[in-house]
Amino acid sequence: MTCIRLPLVCSAALLVACGRGDDDRLDLDAATQRVLDELVQDDGDIVVLAQPQPLRAGETIETYAPATAQSMIATLELDEDSWFFWIDDVPSGEFSHPSRLVAVGRDSGEITVVDASWWPVRDGLPMWSDDAYWSGDDWVFASPGLTAPMPRRALLDDERPALDCTAPGGAAIVIDEWKPEENGERNFTVGSANMNDAFELAGLDTTHFGPAGAETVDAPADFEKLDEWFRAKAKELKPGDPLVVFLNGHGWVNEDDSHFKPGEASIGDVYETDLERWLALFDPGVNVVVVINGCYSGAMLDSLSCVADAAYSATNAELPSYGDVDDADDPNPNDSGSEWVSSLTVPLFDILTTPSEITRIKDKAASSGSNFFRVLIAECFEEARKYDAAYINGRTEPQARAGAAKTTPPQADPGAPMCDGIPDPPPPTGCSDAGLDEIGKVLGAMLGDDVAAQACTDAKPQPAGNTTLHSNGVDTSTAAGPVDIVLTGTHLGAGIDLSLFPCGVGELATTYCAGNDAIDGDAVVLFADFADALPMQPALYYQYGFVFDSDGDSSNDYVPIPQYPADFFTGSNRWYQFGGGPVGWTLSVDDVVGNAPVPATSNARLITTDSGLVLVLPASELDVADAAWRLSAFEHDGSYGNGGPWSGDLVPTVAQGLAPLQ
């Protein structure tokens, strides 16, 4: 975020000309003129909106940002009564994209400018809804030719039967990541509804995830529901079946290294590695085609090269996508919704409603050894350039990416198909438990195949669905889902190799680091598997605690306060906590000093599998011979179980004491 201040250049003799009213304060007309003179250039599209009434000193204007991109919030604090302006530097563009928050002081005349990526909000609500924005009522400047988007018109004027485009077994998913609290409803809901109609017309078994109540939506676009859908379809679809994925919503690239999934591109709550992980579940013989609409969506294509046969995006990694653009030279002025999606659906519906065109695509696919939908979407992508006003006028650069060569993964547990040139993943360990098998692969990659095999035999099963006592010593819950511990294990050894587990997203897993240094010498490895997959983008709050009595000395261990006699961390003095919530996951390490946690230096790493956790730490951080440990898992709604719902599990329990490390 960049903030600049521009002083008022106005002499006392020119006070009236500068727009001072009877109360000797700057009026809106004068403030507007100053903004236009100082901040608006003649080149490029731009819209400047103004609040008709001044804002009061002490108010704070923020911008919207998705829950997983809170670091992108821009803030403008008003030191005096001010006129407020929003300069949209990419009108018609979908978000995120450059804009500016501007305040002009009524007394000082000083201009304050804050660079922003999202629309301004006041008291939690957009200062201009889509309709208010495009009404033009608060426009004080707009580049020539800008017009409001058209309301939706049906692409199909009547009901038409599904045509014989695909053999039974083909599936499609429409993921509309627009949310009710966001701007852009018309663009995204129209595009998703039309793509849903097209896929159904083509005979694909189509499921539409999106905001509840939106047109054609079958289920809410909840991360866990999406995960369930992909896992179920991965079991159903067979080699030769088509899978078409349409992902739609506001997009951004996370450039904050301290935030959730740094460096990744995202459309709504779906990050590029989420989509990559879901598609890696499918047999490589499934024909996977991905279509992505959103700002900077081209940044997602690299991650899909190994898991999709073809992928297409509305724009490249540097430019935003656009809503409905109706320029004077627009070849498709009656379209609606996002510009690229509406342009894509023109040839899509033309082909799908013309039997001879369907036959032509089928013949082309057969002669090239390809698949109907790969040929269909490829042709529509090229044809869409004729209708896409944003592309025609140089605002966007739609991208196409063919999949790389893939190797067939083990059928019993597919894992991610790997691109040529990337080392093959470790082989299956042979563990009968699927979750333990994944943990075994991690251990094998770090410590060798013998350790992977050892994990299969040495892991300790834990009671499932057991009753857990809350820290208050009174309430209980039944351990369930991602906080129901089903097995645990430990390994002490040397020669650890973490080259395949760098901090962040790696080829085999995502790794969270407490420090940046490598682990040299002996290491301590602890692992656990849970009844359900870990929620990597959770709506609730989670705390997984690997806690130790690091030295066998009880005099420096944590003693719970009287209100919480069954505190999960009782009897420990070093805490490795993996915590998650709506803003992402972190790994923290603390020492107990004076019966209170104090942040500690550590080079520990926490590696996540689908339903498991693997903690790796230098043996030097513990007195291994005398150390003991406990694992706790806790889920709550933000109230920590104090009056709200919760679930948890402990191994061993507080009553049992910590378990020896050796």
# chains A, B, ... in the order shown; residues from 1 in each chain; ligands from 1
>>> residues_around(residues="His470 (chain A)", least_positions_apart="2", cutoff="9 Å", atoms="only C-alpha atoms", output="PyMOL selection string")
chain A and resi 468+472-477+564+566-568+641+647-648
>>> residues_around(residues="region 85-93 of chain A", least_positions_apart="4", cutoff="7 Å", atoms="only C-alpha atoms", output="NGL selection string")
:A and (45-51 or 97-103 or 320-325)
>>> residues_around(residues="Lys233 (chain A)", least_positions_apart="2", cutoff="10 Å", atoms="only C-alpha atoms", output="mmCIF file with N, CA, C and O atoms, in the first residue's frame")
data_model
loop_
_atom_site.group_PDB
_atom_site.id
_atom_site.type_symbol
_atom_site.label_atom_id
_atom_site.label_comp_id
_atom_site.auth_asym_id
_atom_site.auth_seq_id
_atom_site.Cartn_x
_atom_site.Cartn_y
_atom_site.Cartn_z
ATOM 1 N N GLY A 169 -20.646 -40.963 -18.287
ATOM 2 C CA GLY A 169 -19.482 -40.932 -17.410
ATOM 3 C C GLY A 169 -18.781 -39.597 -17.383
ATOM 4 O O GLY A 169 -18.000 -39.327 -16.474
ATOM 5 N N GLY A 170 -19.022 -38.747 -18.391
ATOM 6 C CA GLY A 170 -18.402 -37.430 -18.386
ATOM 7 C C GLY A 170 -19.002 -36.543 -17.321
ATOM 8 O O GLY A 170 -20.177 -36.638 -16.990
ATOM 9 N N ALA A 171 -18.187 -35.656 -16.762
ATOM 10 C CA ALA A 171 -18.652 -34.770 -15.690
ATOM 11 C C ALA A 171 -18.101 -33.373 -15.896
ATOM 12 O O ALA A 171 -17.074 -33.163 -16.552
ATOM 13 N N ALA A 172 -18.820 -32.410 -15.338
ATOM 14 C CA ALA A 172 -18.367 -31.018 -15.335
ATOM 15 C C ALA A 172 -18.670 -30.422 -13.981
ATOM 16 O O ALA A 172 -19.626 -30.824 -13.298
ATOM 17 N N GLU A 228 -15.074 -32.886 -1.307
ATOM 18 C CA GLU A 228 -15.859 -34.120 -1.382
ATOM 19 C C GLU A 228 -16.234 -34.455 -2.827
ATOM 20 O O GLU A 228 -16.182 -35.618 -3.237
ATOM 21 N N TRP A 229 -16.620 -33.433 -3.590
ATOM 22 C CA TRP A 229 -17.033 -33.671 -4.980
ATOM 23 C C TRP A 229 -15.876 -34.234 -5.796
ATOM 24 O O TRP A 229 -16.037 -35.228 -6.513
ATOM 25 N N PHE A 230 -14.706 -33.593 -5.700
ATOM 26 C CA PHE A 230 -13.569 -34.058 -6.492
ATOM 27 C C PHE A 230 -13.154 -35.471 -6.087
ATOM 28 O O PHE A 230 -12.806 -36.300 -6.945
ATOM 29 N N ARG A 231 -13.181 -35.765 -4.806
ATOM 30 C CA ARG A 231 -12.797 -37.104 -4.362
ATOM 31 C C ARG A 231 -13.785 -38.154 -4.876
ATOM 32 O O ARG A 231 -13.385 -39.251 -5.275
ATOM 33 N N LYS A 235 -13.162 -41.251 -8.110
ATOM 34 C CA LYS A 235 -13.436 -42.681 -8.028
ATOM 35 C C LYS A 235 -14.367 -43.143 -9.151
ATOM 36 O O LYS A 235 -14.346 -44.312 -9.535
ATOM 37 N N GLU A 236 -15.191 -42.222 -9.658
ATOM 38 C CA GLU A 236 -16.180 -42.590 -10.670
ATOM 39 C C GLU A 236 -15.618 -42.558 -12.094
ATOM 40 O O GLU A 236 -15.896 -43.461 -12.897
ATOM 41 N N LEU A 237 -14.881 -41.513 -12.421
ATOM 42 C CA LEU A 237 -14.454 -41.317 -13.808
ATOM 43 C C LEU A 237 -13.344 -42.283 -14.179
ATOM 44 O O LEU A 237 -12.407 -42.517 -13.411
ATOM 45 N N LYS A 238 -13.438 -42.800 -15.375
ATOM 46 C CA LYS A 238 -12.502 -43.804 -15.866
ATOM 47 C C LYS A 238 -11.704 -43.240 -17.043
ATOM 48 O O LYS A 238 -12.068 -42.215 -17.623
ATOM 49 N N LEU A 243 -13.583 -34.616 -18.047
ATOM 50 C CA LEU A 243 -13.873 -33.792 -16.885
ATOM 51 C C LEU A 243 -13.597 -32.349 -17.282
ATOM 52 O O LEU A 243 -12.469 -32.005 -17.658
ATOM 53 N N LEU A 281 -6.023 -36.254 -8.188
ATOM 54 C CA LEU A 281 -6.712 -37.450 -7.728
ATOM 55 C C LEU A 281 -7.185 -38.329 -8.879
ATOM 56 O O LEU A 281 -7.440 -39.524 -8.693
ATOM 57 N N PHE A 282 -7.319 -37.753 -10.073
ATOM 58 C CA PHE A 282 -7.921 -38.468 -11.197
ATOM 59 C C PHE A 282 -6.901 -39.315 -11.946
ATOM 60 O O PHE A 282 -5.717 -38.971 -12.031
#
>>> closest_residue(among="A:Ala659, A:Ala402, A:Leu487, A:Val286", to="Gly240 (chain A)", atoms="only C-alpha atoms")
A:Val286
>>> select_by_dssp(residues="region 446-549 of chain A", states="strand (DSSP E or B)", output="ChimeraX atom specification")
/A:460-461,467-469,476-478,485-493,504-505,510-513,523-530,541-549
>>> closest_atom_pairs(of="region 586-609 of chain A", to="region 544-562 of chain A", cutoff="9 Å", atoms="only C-alpha atoms", output="CSV")
residue,atom,partner,partner_atom,distance
A:Val592,CA,A:Tyr558,CA,6.5
A:Val593,CA,A:Asn556,CA,7.6
A:Gly594,CA,A:Asn556,CA,7.8
A:Asn595,CA,A:Tyr558,CA,5.3
A:Ala596,CA,A:Tyr558,CA,7.5
A:Pro597,CA,A:Tyr558,CA,8.8
>>> write_last_selection(atoms="all heavy atoms", output="compact mmCIF listing (two decimals), in the first residue's frame")
# COMPACT_ATOMS: atom_id res chain seq x y z
N VAL A 592 7.97 -22.57 28.02
CA VAL A 592 7.26 -22.12 29.21
C VAL A 592 8.29 -21.49 30.15
O VAL A 592 9.24 -22.14 30.58
CB VAL A 592 6.54 -23.29 29.90
CG1 VAL A 592 5.94 -22.83 31.23
CG2 VAL A 592 5.45 -23.84 28.99
N VAL A 593 8.09 -20.21 30.44
CA VAL A 593 8.97 -19.47 31.34
C VAL A 593 8.09 -18.78 32.38
O VAL A 593 7.21 -17.98 32.01
CB VAL A 593 9.82 -18.42 30.58
CG1 VAL A 593 10.70 -17.66 31.56
CG2 VAL A 593 10.66 -19.08 29.51
N GLY A 594 8.29 -19.10 33.64
CA GLY A 594 7.43 -18.52 34.68
C GLY A 594 5.98 -18.89 34.50
O GLY A 594 5.09 -18.08 34.75
N ASN A 595 5.76 -20.11 34.05
CA ASN A 595 4.41 -20.65 33.82
C ASN A 595 3.63 -19.92 32.73
O ASN A 595 2.40 -19.95 32.69
CB ASN A 595 3.58 -20.66 35.11
CG ASN A 595 2.59 -21.82 35.14
OD1 ASN A 595 2.94 -22.94 34.79
ND2 ASN A 595 1.36 -21.56 35.56
N ALA A 596 4.35 -19.30 31.79
CA ALA A 596 3.70 -18.62 30.67
C ALA A 596 4.50 -18.90 29.40
O ALA A 596 5.73 -19.04 29.45
CB ALA A 596 3.62 -17.12 30.92
N PRO A 597 3.83 -18.99 28.25
CA PRO A 597 4.55 -19.26 27.00
C PRO A 597 5.33 -18.04 26.53
O PRO A 597 4.83 -16.91 26.55
CB PRO A 597 3.43 -19.62 26.03
CG PRO A 597 2.21 -18.92 26.56
CD PRO A 597 2.36 -18.92 28.06
>>> residues_around(residues="region 112-116 of chain A", least_positions_apart="2", cutoff="12 Å", atoms="only C-alpha atoms", output="PyMOL selection string")
chain A and resi 1-8+31+34-35+38-39+61-65+71-80+82-90+95-106+108-110+118-121
>>> residues_around(residues="region 523-528 of chain A", least_positions_apart="4", cutoff="9 Å", atoms="only C-alpha atoms", output="ChimeraX atom specification")
/A:436,439,443,459,485-496,519,546,611-620,622,624,631
>>> atom_distance(atom1="CA of Ala310 (chain A)", atom2="CA of Glu382 (chain A)")
13.6 Å
>>> closest_residue(among="A:Ser143, A:Glu255, A:Ser303, A:Ile267", to="Asp176 (chain A)", atoms="only C-alpha atoms")
A:Ile267
>>> select_by_dssp(residues="region 388-574 of chain A", states="helix (DSSP H, G or I)", output="NGL selection string")
:A and (389-392 or 434-447 or 449-458 or 481-483 or 554-556)
>>> residues_around(residues="Lys225 (chain A)", least_positions_apart="2", cutoff="12 Å", atoms="only C-alpha atoms", output="number ranges by chain")
A: 175, 207-210, 218-223, 227-232, 535, 537-538
>>> write_last_selection(atoms="N, CA and C atoms", output="mmCIF file, in the first residue's frame")
data_model
loop_
_atom_site.group_PDB
_atom_site.id
_atom_site.type_symbol
_atom_site.label_atom_id
_atom_site.label_comp_id
_atom_site.auth_asym_id
_atom_site.auth_seq_id
_atom_site.Cartn_x
_atom_site.Cartn_y
_atom_site.Cartn_z
ATOM 1 N N ILE A 175 -17.573 -23.777 -10.626
ATOM 2 C CA ILE A 175 -17.256 -23.245 -9.297
ATOM 3 C C ILE A 175 -17.322 -21.731 -9.375
ATOM 4 N N THR A 207 -22.376 -30.212 -11.975
ATOM 5 C CA THR A 207 -22.698 -29.715 -10.643
ATOM 6 C C THR A 207 -22.204 -28.283 -10.538
ATOM 7 N N HIS A 208 -23.090 -27.392 -10.109
ATOM 8 C CA HIS A 208 -22.773 -25.971 -10.011
ATOM 9 C C HIS A 208 -22.661 -25.589 -8.543
ATOM 10 N N PHE A 209 -21.458 -25.218 -8.122
ATOM 11 C CA PHE A 209 -21.214 -24.725 -6.773
ATOM 12 C C PHE A 209 -21.144 -23.199 -6.828
ATOM 13 N N GLY A 210 -21.832 -22.539 -5.904
ATOM 14 C CA GLY A 210 -21.817 -21.077 -5.898
ATOM 15 C C GLY A 210 -22.584 -20.529 -4.723
ATOM 16 N N ASP A 218 -26.328 -25.636 -7.478
ATOM 17 C CA ASP A 218 -26.755 -26.889 -6.857
ATOM 18 C C ASP A 218 -26.297 -27.011 -5.412
ATOM 19 N N ALA A 219 -25.155 -26.405 -5.074
ATOM 20 C CA ALA A 219 -24.600 -26.549 -3.732
ATOM 21 C C ALA A 219 -23.726 -25.333 -3.437
ATOM 22 N N PRO A 220 -23.562 -24.985 -2.155
ATOM 23 C CA PRO A 220 -22.707 -23.841 -1.811
ATOM 24 C C PRO A 220 -21.249 -24.133 -2.119
ATOM 25 N N ALA A 221 -20.529 -23.109 -2.534
ATOM 26 C CA ALA A 221 -19.110 -23.270 -2.901
ATOM 27 C C ALA A 221 -18.254 -23.300 -1.649
ATOM 28 N N ASP A 222 -18.533 -24.268 -0.805
ATOM 29 C CA ASP A 222 -17.785 -24.488 0.429
ATOM 30 C C ASP A 222 -16.586 -25.379 0.122
ATOM 31 N N PHE A 223 -15.430 -25.042 0.692
ATOM 32 C CA PHE A 223 -14.201 -25.762 0.361
ATOM 33 C C PHE A 223 -14.334 -27.250 0.646
ATOM 34 N N ASP A 227 -14.107 -30.353 -2.017
ATOM 35 C CA ASP A 227 -13.180 -31.452 -1.801
ATOM 36 C C ASP A 227 -13.903 -32.794 -1.895
ATOM 37 N N GLU A 228 -15.074 -32.886 -1.307
ATOM 38 C CA GLU A 228 -15.859 -34.120 -1.382
ATOM 39 C C GLU A 228 -16.234 -34.455 -2.827
ATOM 40 N N TRP A 229 -16.620 -33.433 -3.590
ATOM 41 C CA TRP A 229 -17.033 -33.671 -4.980
ATOM 42 C C TRP A 229 -15.876 -34.234 -5.796
ATOM 43 N N PHE A 230 -14.706 -33.593 -5.700
ATOM 44 C CA PHE A 230 -13.569 -34.058 -6.492
ATOM 45 C C PHE A 230 -13.154 -35.471 -6.087
ATOM 46 N N ARG A 231 -13.181 -35.765 -4.806
ATOM 47 C CA ARG A 231 -12.797 -37.104 -4.362
ATOM 48 C C ARG A 231 -13.785 -38.154 -4.876
ATOM 49 N N ALA A 232 -15.062 -37.824 -4.843
ATOM 50 C CA ALA A 232 -16.072 -38.766 -5.326
ATOM 51 C C ALA A 232 -15.938 -38.989 -6.832
ATOM 52 N N PRO A 535 -8.665 -29.597 7.225
ATOM 53 C CA PRO A 535 -9.272 -28.491 6.454
ATOM 54 C C PRO A 535 -8.239 -27.408 6.183
ATOM 55 N N GLN A 537 -8.357 -24.856 4.274
ATOM 56 C CA GLN A 537 -8.944 -23.513 4.245
ATOM 57 C C GLN A 537 -10.165 -23.533 5.156
ATOM 58 N N PRO A 538 -9.946 -23.596 6.452
ATOM 59 C CA PRO A 538 -11.037 -23.876 7.382
ATOM 60 C C PRO A 538 -11.943 -22.689 7.633
#
>>> residues_around(residues="Trp252 (chain A)", least_positions_apart="3", cutoff="10 Å", atoms="only C-alpha atoms", output="list of chain:residue names")
A:Pro66, A:Ala69, A:Met72, A:Phe95, A:Ser96, A:His97, A:Ser117, A:Gly249, A:Glu255, A:Glu264, A:Ala265, A:Ser266, A:Ile267, A:Gly268, A:Tyr271, A:Gly294, A:Cys295, A:Tyr296, A:Ser297, A:Ala299, A:Ala317, A:Glu318, A:Leu319, A:Pro320
>>> write_last_selection(atoms="C-alpha atoms", output="PDB file, in the first residue's frame")
ATOM      1  CA  PRO A  66     -11.180 -11.852   0.838  1.00  0.00           C
ATOM      2  CA  ALA A  69      -6.088 -12.096   1.568  1.00  0.00           C
ATOM      3  CA  MET A  72      -4.337  -6.704   0.891  1.00  0.00           C
ATOM      4  CA  PHE A  95     -11.011  -7.476  -9.008  1.00  0.00           C
ATOM      5  CA  SER A  96      -8.403  -7.343  -7.780  1.00  0.00           C
ATOM      6  CA  HIS A  97      -7.075  -4.414  -9.808  1.00  0.00           C
ATOM      7  CA  SER A 117      -6.541  -3.288  -5.004  1.00  0.00           C
ATOM      8  CA  GLY A 249     -14.489 -15.240  -9.429  1.00  0.00           C
ATOM      9  CA  GLU A 255       2.602 -11.451  -2.888  1.00  0.00           C
ATOM     10  CA  GLU A 264       0.146 -18.405  -5.195  1.00  0.00           C
ATOM     11  CA  ALA A 265      -2.625 -17.223  -7.469  1.00  0.00           C
ATOM     12  CA  SER A 266      -6.188 -17.598  -6.261  1.00  0.00           C
ATOM     13  CA  ILE A 267      -9.708 -17.321  -7.615  1.00  0.00           C
ATOM     14  CA  GLY A 268     -11.893 -16.651  -4.608  1.00  0.00           C
ATOM     15  CA  TYR A 271      -5.729 -21.444  -4.694  1.00  0.00           C
ATOM     16  CA  GLY A 294     -10.623 -14.076 -12.956  1.00  0.00           C
ATOM     17  CA  CYS A 295      -7.958 -11.431 -12.601  1.00  0.00           C
ATOM     18  CA  TYR A 296      -4.397 -12.686 -13.136  1.00  0.00           C
ATOM     19  CA  SER A 297      -5.836 -16.156 -13.823  1.00  0.00           C
ATOM     20  CA  ALA A 299      -0.778 -17.329 -13.096  1.00  0.00           C
ATOM     21  CA  ALA A 317      -0.534 -13.359 -14.860  1.00  0.00           C
ATOM     22  CA  GLU A 318      -0.114  -9.565 -15.003  1.00  0.00           C
ATOM     23  CA  LEU A 319      -3.493  -8.211 -16.128  1.00  0.00           C
ATOM     24  CA  PRO A 320      -6.968  -8.175 -14.582  1.00  0.00           C
TER      25      PRO A 320
END
>>> closest_residue(among="A:Leu469, A:Asp131, A:Asp610, A:Arg574", to="Ala509 (chain A)", atoms="only C-alpha atoms")
A:Asp610
>>> atom_distance(atom1="CA of Thr511 (chain A)", atom2="CA of Pro463 (chain A)")
27.5 Å
>>> atom_distance(atom1="CA of Asp363 (chain A)", atom2="CA of Arg385 (chain A)")
23.9 Å
